[in-house]
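In what follows, a structure is listed as structure tokens, so that the remarks can point back to it.
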Amino acid sequence: MNPVRVRFAPSPTGYLHIGGLRTALYDFLFARSQGGKFILRIEDTDQSREVEGAVENLISSLHQLGIDFDEGPGLGGPFEPYIQSQRLQLYRQHAQQLLDSGNAYHCFCTPETLGEMREQQQARGEFVKYDRRCLSLSPQDVAQRLQAGEKHVIRLKMPDNRRFVFQDIIRGQVEMEASQSDDQVLIKSDGFPTYHLAATVDDHYMQISHVIRGEEWLSSTPKHLWLYECFGWETPLWVHLPLILNADRSKLSKRMNDVSVQSYLAKGYLKEALVNFVALLGWHSADDRELYSLSELSEAFGLERVNKAGAVFDLTKLDWMNGYYLRNLPLETIAERSKVYFAEMGFDTSDSEKLMRVLAAARERCTLLPELVEYSRMFYAQNQLADAEEAMLNNDISQKVIRWFSDALSALSDWPAETLNNLAKSGISELQVKAKDFYTPLRLALIGQAHGPDLPTTLAILGREESLRRLGASIKPQ
């Protein structure tokens with residue numbers, strides 16, 4: 001059996017999106033589970049749609065998520081270059097080979113001619129495809145047009161009356177009629193190849209063993225099978241992943257939805273949660289386990305457990321998963337990743353001990369990294385009280401509670417939780433107030449809101465000096 005070699009081959013027409021991430025992740029996991037190689041190849045043959053910085057973003061996003069490739073741009077490998085625009089001569093040589101064997105032909109039809117052709121076929125209710133009018137051109141006519149510099153493309157000549165049968169690891173045996181495939185353009189008028197020729201040539205020469213790609217490429221497989229046959233090459237194994245769907249089961253589109261990986265990371269989703277969640281968009285383990293680290297996924301993953309049915313992108317589940325990792329990753333990790341959000345709010349986190357205490361309390365109640373900062377606001381800034389809260393803080397009972405508690409705290413040299421809880425019980429008994437009337441004014445004075453962490457946690461986060469300062473600032477002169 002040939003060694004496992006898989007490739008992720010994105011077009012730099014935008015930033016890495018969820019669908020691309022899943023393909024890259026499955027490539028990576030399959031290669032790691034089989035002791036194979038994971039290759040990154042940039043398919044930049046559509047120069048008109050290339051987005052500046054997209055390649056750098058793709059590579060950065062993969063590395064940021066821990067999905068490291070074994071061969072690719074910037075890293076090299078035995079089959080470099082791994083950028084298709086640097087391999088044009090190879091594609092032209094193979095296009096000429098197809099022309100010489102009669103399996104491809106020149107087409108001089110203009111976009112206007114092709115548009116009219118499509119409209120007429122649609123009006124007649126026919127399958128829309130190129131009608132091969134240029135296939136009948138004589139060799140002399142073709143030579144004259146080429147000599148004159150007339151714009152043209154090179155098309156693949158698909159066989160007539162042919163049924164293509166192939167095995168897909170996910171879908172089993174698939175059968176497709178050649179009549180449902182167009183004479184695909186292989187070389188465009190700008191001299192660049194289309195995906196169909198470039199991917200086939202590169203997959204062969206880079207010794208790709210498994211082509212793992214989205215379901216939308218399933219209908220193109222007969223064209224690729226025919227190219228392999230024309231060149232006399234062995235075909236790879238085919239793996240067509242299920243669609244990723246919105247909650248209403250419409251297709252998740254990178255043009256209609258905010259689905260870039262960087263967008264989710266910027267919103268405060270953790271890379272561990274995003275990778276774990278995306279891995280389950282089509283794949284499931286034998287025991288239906290849901291929480292996996294990347295290394296655990298690398299051991300458990302197998303293509304045989306990828307479903308054919310579309311996978312629903314459930315944002316509620318992603319939020320749940322992110323909350324789990326927010327609470328269970330090392331606190332130091334959460335502190336490091338949340339610092340940028342604290343900085344955006346202008347909060348001083350130089351006191352690392354305070355930051356750790358804040359995050360330990362906050363992450364039990366939050367889902368995203370920015371929510372940690374919002375929850376922590378009470379400890380880094382004085383909240384502005386509403387009129388009703390101000391009136392409650394200034395009434396006689398509240399003032400009596402704050403004075404008593406402030407004096408009692410000042411007399412203590414140490415503030416362990418048990419001591420503080422006992423102190424509160426003593427205050428409630430001595431002042432003869434309800435628990436609510438005791439705790440509410442203290443929270444308003446300490447954190448500027450009626451609800452928050454328990455009293456020992458609040459005081460531990462603020463520290464002795466800041467706690468007494470805030471309590472003192474809330475006492476009205478008598």
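Labels used: A, B, ... for chains in the order of the structure tokens, numbers from 1 for residues in each chain, and numbers from 1 for ligands as shown.
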
Shell of 10 Å around stretch 39-45 of chain A, only C-alpha atoms, local chain residues under 6 positions omitted, as a ChimeraX atom specification
/A:5-13,24,27-28,31,51,55,58-59,68-73,75-77,80-88,188,190-195,198-199,202-203,206,208

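When the distance limit is 6 Å and only C-alpha atoms are what count, the residues near stretch 334-347 of chain A, minus those fewer than 2 positions from it on the same chain, are Leu331, Glu332, Leu369, Pro370 and Val373 of chain A.
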
Hey, what's within 12 Å of A:Arg118 if we count only C-alpha atoms and toss same-chain stuff fewer than 6 positions away? As a PDB file with N, CA and C atoms, in the first residue's frame, please?
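Written output follows (out-v9.pdb):
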```pdb
ATOM      1  N   PRO A 111     -17.074  34.979 -24.744  1.00  0.00           N
ATOM      2  CA  PRO A 111     -18.033  34.915 -23.631  1.00  0.00           C
ATOM      3  C   PRO A 111     -19.460  35.195 -24.092  1.00  0.00           C
ATOM      4  N   GLU A 112     -19.617  36.074 -25.077  1.00  0.00           N
ATOM      5  CA  GLU A 112     -20.963  36.377 -25.585  1.00  0.00           C
ATOM      6  C   GLU A 112     -21.567  35.165 -26.285  1.00  0.00           C
ATOM      7  N   ARG A 124     -34.555  25.399 -24.030  1.00  0.00           N
ATOM      8  CA  ARG A 124     -35.001  24.099 -24.551  1.00  0.00           C
ATOM      9  C   ARG A 124     -35.065  23.042 -23.447  1.00  0.00           C
ATOM     10  N   GLY A 125     -34.682  23.424 -22.226  1.00  0.00           N
ATOM     11  CA  GLY A 125     -34.718  22.478 -21.110  1.00  0.00           C
ATOM     12  C   GLY A 125     -33.626  21.446 -21.173  1.00  0.00           C
ATOM     13  N   GLU A 126     -32.516  21.774 -21.817  1.00  0.00           N
ATOM     14  CA  GLU A 126     -31.420  20.827 -21.977  1.00  0.00           C
ATOM     15  C   GLU A 126     -30.383  20.997 -20.862  1.00  0.00           C
ATOM     16  N   PHE A 127     -29.547  19.984 -20.693  1.00  0.00           N
ATOM     17  CA  PHE A 127     -28.428  20.077 -19.773  1.00  0.00           C
ATOM     18  C   PHE A 127     -27.453  21.107 -20.337  1.00  0.00           C
ATOM     19  N   VAL A 128     -27.083  22.075 -19.537  1.00  0.00           N
ATOM     20  CA  VAL A 128     -26.240  23.167 -20.022  1.00  0.00           C
ATOM     21  C   VAL A 128     -24.786  22.707 -20.063  1.00  0.00           C
ATOM     22  N   LYS A 129     -24.222  22.712 -21.266  1.00  0.00           N
ATOM     23  CA  LYS A 129     -22.826  22.327 -21.450  1.00  0.00           C
ATOM     24  C   LYS A 129     -22.351  22.871 -22.790  1.00  0.00           C
ATOM     25  N   TYR A 130     -21.057  22.890 -22.968  1.00  0.00           N
ATOM     26  CA  TYR A 130     -20.509  23.382 -24.231  1.00  0.00           C
ATOM     27  C   TYR A 130     -20.904  22.443 -25.367  1.00  0.00           C
ATOM     28  N   ASP A 131     -21.323  23.020 -26.507  1.00  0.00           N
ATOM     29  CA  ASP A 131     -21.862  22.199 -27.599  1.00  0.00           C
ATOM     30  C   ASP A 131     -20.808  21.726 -28.601  1.00  0.00           C
TER      31      ASP A 131
END
```

Please provide the set of residues having any atom within 12 Å of stretch 259-267 of chain A, restricted to only C-alpha atoms, with same-chain residues fewer than 5 positions apart removed, written as a compact mmCIF listing (two decimals) with N, CA and C atoms, in the first residue's frame.
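Result written to selection.txt:
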```txt
# COMPACT_ATOMS: atom_id res chain seq x y z
N GLY A 14 -9.62 34.51 -0.26
CA GLY A 14 -10.23 34.99 0.98
C GLY A 14 -9.54 34.32 2.15
N TYR A 15 -9.96 34.66 3.33
CA TYR A 15 -9.36 34.09 4.52
C TYR A 15 -9.91 32.70 4.78
N LEU A 16 -9.19 31.94 5.58
CA LEU A 16 -9.60 30.56 5.89
C LEU A 16 -10.98 30.57 6.56
N HIS A 17 -11.91 29.79 6.00
CA HIS A 17 -13.26 29.72 6.54
C HIS A 17 -13.50 28.34 7.15
N ILE A 18 -14.66 28.19 7.77
CA ILE A 18 -14.94 26.97 8.52
C ILE A 18 -14.88 25.72 7.63
N GLY A 19 -15.42 25.81 6.42
CA GLY A 19 -15.37 24.65 5.53
C GLY A 19 -13.95 24.27 5.17
N GLY A 20 -13.12 25.28 4.87
CA GLY A 20 -11.71 25.01 4.58
C GLY A 20 -10.98 24.45 5.78
N LEU A 21 -11.30 24.98 6.95
CA LEU A 21 -10.68 24.48 8.18
C LEU A 21 -11.00 23.01 8.37
N ARG A 22 -12.26 22.62 8.14
CA ARG A 22 -12.60 21.20 8.33
C ARG A 22 -11.80 20.31 7.37
N ALA A 54 -3.99 36.80 1.67
CA ALA A 54 -4.77 35.59 1.96
C ALA A 54 -3.88 34.39 2.24
N ASN A 57 -2.50 34.67 5.67
CA ASN A 57 -3.56 34.42 6.65
C ASN A 57 -3.86 32.94 6.77
N LEU A 58 -3.91 32.24 5.64
CA LEU A 58 -4.18 30.80 5.65
C LEU A 58 -3.12 30.05 6.45
N ILE A 59 -1.85 30.36 6.17
CA ILE A 59 -0.76 29.67 6.86
C ILE A 59 -0.76 30.02 8.34
N SER A 60 -0.95 31.31 8.64
CA SER A 60 -0.98 31.75 10.04
C SER A 60 -2.11 31.10 10.81
N SER A 61 -3.30 31.03 10.18
CA SER A 61 -4.46 30.44 10.85
C SER A 61 -4.23 28.96 11.16
N LEU A 62 -3.66 28.23 10.21
CA LEU A 62 -3.38 26.80 10.44
C LEU A 62 -2.39 26.62 11.58
N GLN A 64 -1.74 28.71 13.97
CA GLN A 64 -2.35 29.17 15.22
C GLN A 64 -3.21 28.09 15.85
N LEU A 65 -3.83 27.26 15.01
CA LEU A 65 -4.70 26.19 15.50
C LEU A 65 -3.94 24.89 15.77
N ILE A 244 -21.57 21.38 5.03
CA ILE A 244 -21.82 21.99 6.33
C ILE A 244 -23.03 22.89 6.17
N LEU A 245 -24.02 22.71 7.04
CA LEU A 245 -25.32 23.36 6.87
C LEU A 245 -25.61 24.34 7.99
N ASN A 246 -26.40 25.36 7.67
CA ASN A 246 -26.96 26.24 8.69
C ASN A 246 -28.03 25.48 9.48
N LEU A 252 -24.02 26.28 4.38
CA LEU A 252 -23.23 27.33 5.02
C LEU A 252 -22.32 27.93 3.96
N SER A 253 -22.54 29.20 3.66
CA SER A 253 -21.80 29.86 2.59
C SER A 253 -20.83 30.86 3.17
N LYS A 254 -19.59 30.84 2.69
CA LYS A 254 -18.60 31.80 3.19
C LYS A 254 -18.89 33.20 2.70
N GLU A 272 -8.87 25.52 20.93
CA GLU A 272 -9.19 24.14 21.31
C GLU A 272 -10.65 23.81 21.04
N ALA A 273 -11.53 24.77 21.36
CA ALA A 273 -12.96 24.55 21.14
C ALA A 273 -13.29 24.54 19.66
N LEU A 274 -12.68 25.45 18.90
CA LEU A 274 -12.97 25.54 17.47
C LEU A 274 -12.53 24.27 16.75
N VAL A 275 -11.34 23.78 17.06
CA VAL A 275 -10.84 22.55 16.43
C VAL A 275 -11.72 21.37 16.82
N VAL A 278 -15.19 21.72 15.04
CA VAL A 278 -15.13 21.49 13.60
C VAL A 278 -14.87 20.02 13.29
N PHE A 313 -24.12 23.25 11.47
CA PHE A 313 -23.26 24.13 12.27
C PHE A 313 -24.12 24.71 13.38
N LEU A 315 -24.31 26.76 16.51
CA LEU A 315 -23.56 27.75 17.28
C LEU A 315 -23.75 27.56 18.77
N LEU A 318 -21.22 25.08 19.84
CA LEU A 318 -19.89 25.68 19.87
C LEU A 318 -19.72 26.54 21.12
N ASP A 319 -20.75 27.30 21.48
CA ASP A 319 -20.68 28.11 22.69
C ASP A 319 -20.51 27.23 23.93
N ASN A 322 -17.02 25.95 23.97
CA ASN A 322 -16.06 27.00 24.32
C ASN A 322 -16.09 27.28 25.82
N ARG A 337 -4.37 34.57 26.96
CA ARG A 337 -5.20 34.82 25.78
C ARG A 337 -6.20 35.96 25.99
N SER A 338 -6.52 36.26 27.23
CA SER A 338 -7.50 37.32 27.49
C SER A 338 -6.86 38.69 27.65
N VAL A 340 -5.24 40.65 25.71
CA VAL A 340 -5.50 41.61 24.64
C VAL A 340 -6.86 42.28 24.81
N TYR A 341 -7.83 41.54 25.31
CA TYR A 341 -9.17 42.10 25.52
C TYR A 341 -9.19 43.05 26.72
N THR A 367 -18.67 32.57 28.60
CA THR A 367 -18.52 31.66 27.46
C THR A 367 -17.38 32.07 26.56
N LEU A 368 -17.19 33.37 26.33
CA LEU A 368 -16.18 33.88 25.41
C LEU A 368 -15.15 34.72 26.16
N LEU A 369 -13.97 34.85 25.59
CA LEU A 369 -12.92 35.63 26.24
C LEU A 369 -13.32 37.08 26.52
N PRO A 370 -13.96 37.81 25.59
CA PRO A 370 -14.35 39.19 25.89
C PRO A 370 -15.34 39.28 27.05
N GLU A 371 -16.14 38.24 27.25
CA GLU A 371 -17.10 38.24 28.36
C GLU A 371 -16.36 38.22 29.71
```

Shortest contact to A:Arg162, candidates A:His451, A:His196, A:Lys223, A:Arg213, atoms counted only C-alpha atoms, goes to A:Lys223

* **Members of stretch 68-204 of chain A assigned helix (DSSP H, G or I) by DSSP, as a ChimeraX atom specification** => /A:84-86,88-100,111-123,133-136,139-147,178-180,195-204

- request: Determine, counting only C-alpha atoms, which protein, DNA and RNA residues have an atom within 10 Å of an atom of stretch 389-393 of chain A; residues of the same chain fewer than 2 positions away are not included. Present the result as a list in words.
  value: Gln384, Leu385, Ala386, Asp387, Asn395, Asp396, Ile397, Ser398, Gln399, Val401, Ile402, Asp437, Thr440, Pro441, Leu442, Arg443, Leu444, Ala445, Gly448, Gln449, Ala450, Ser474, Ile475 and Lys476 of chain A

A straight line from atom CA of A:Phe438 to atom CA of A:Phe405 spans 9.4 Å

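The gap separating atom CA of A:Pro330 from atom CA of A:Arg365 is 16.3 Å, in Å to one decimal.
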
Between atom CA of A:Arg464 and atom CA of A:Ser410 lies a distance of 8.7 Å

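When only C-alpha atoms are used to compute distances to A:Val174, the closest of the residues A:Ser295, A:Ser219, A:Asn383, A:Ser406 turns out to be A:Ser219.
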
Taking the DSSP secondary structure from the backbone, can you list the residues of stretch 145-205 of chain A that are strand (DSSP E or B), as an NGL selection string? :A and (153-156 or 163-168 or 172-177 or 185-187 or 193)

inquiry  = Residues near A:Ser33, anyone? I mean within 6 Å using only C-alpha atoms, not counting same-chain ones fewer than 4 positions away, as a list in words.
reply    = Leu29, Ser298 and Glu299 of chain A

If you keep all heavy atoms, can you produce a file of those selected residues as a PDB file, in the first residue's frame?
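Contents of again-v2.pdb, freshly written:
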```pdb
ATOM      1  N   LEU A  29      -5.544  15.257  10.488  1.00  0.00           N
ATOM      2  CA  LEU A  29      -5.829  14.157  11.416  1.00  0.00           C
ATOM      3  C   LEU A  29      -5.619  12.803  10.748  1.00  0.00           C
ATOM      4  O   LEU A  29      -5.080  11.873  11.360  1.00  0.00           O
ATOM      5  CB  LEU A  29      -7.264  14.269  11.935  1.00  0.00           C
ATOM      6  CG  LEU A  29      -7.575  15.495  12.803  1.00  0.00           C
ATOM      7  CD1 LEU A  29      -9.056  15.517  13.172  1.00  0.00           C
ATOM      8  CD2 LEU A  29      -6.702  15.513  14.060  1.00  0.00           C
ATOM      9  N   SER A 298      -6.102  13.122  16.788  1.00  0.00           N
ATOM     10  CA  SER A 298      -5.141  12.506  15.868  1.00  0.00           C
ATOM     11  C   SER A 298      -5.082  10.994  16.037  1.00  0.00           C
ATOM     12  O   SER A 298      -4.811  10.266  15.085  1.00  0.00           O
ATOM     13  CB  SER A 298      -3.742  13.102  16.096  1.00  0.00           C
ATOM     14  OG  SER A 298      -3.734  14.482  15.821  1.00  0.00           O
ATOM     15  N   GLU A 299      -5.330  10.523  17.238  1.00  0.00           N
ATOM     16  CA  GLU A 299      -5.325   9.083  17.489  1.00  0.00           C
ATOM     17  C   GLU A 299      -6.660   8.434  17.145  1.00  0.00           C
ATOM     18  O   GLU A 299      -6.702   7.303  16.662  1.00  0.00           O
ATOM     19  CB  GLU A 299      -4.997   8.827  18.964  1.00  0.00           C
ATOM     20  CG  GLU A 299      -3.586   9.223  19.374  1.00  0.00           C
ATOM     21  CD  GLU A 299      -3.316   8.934  20.834  1.00  0.00           C
ATOM     22  OE1 GLU A 299      -4.186   8.339  21.496  1.00  0.00           O
ATOM     23  OE2 GLU A 299      -2.225   9.296  21.318  1.00  0.00           O
TER      24      GLU A 299
END
```
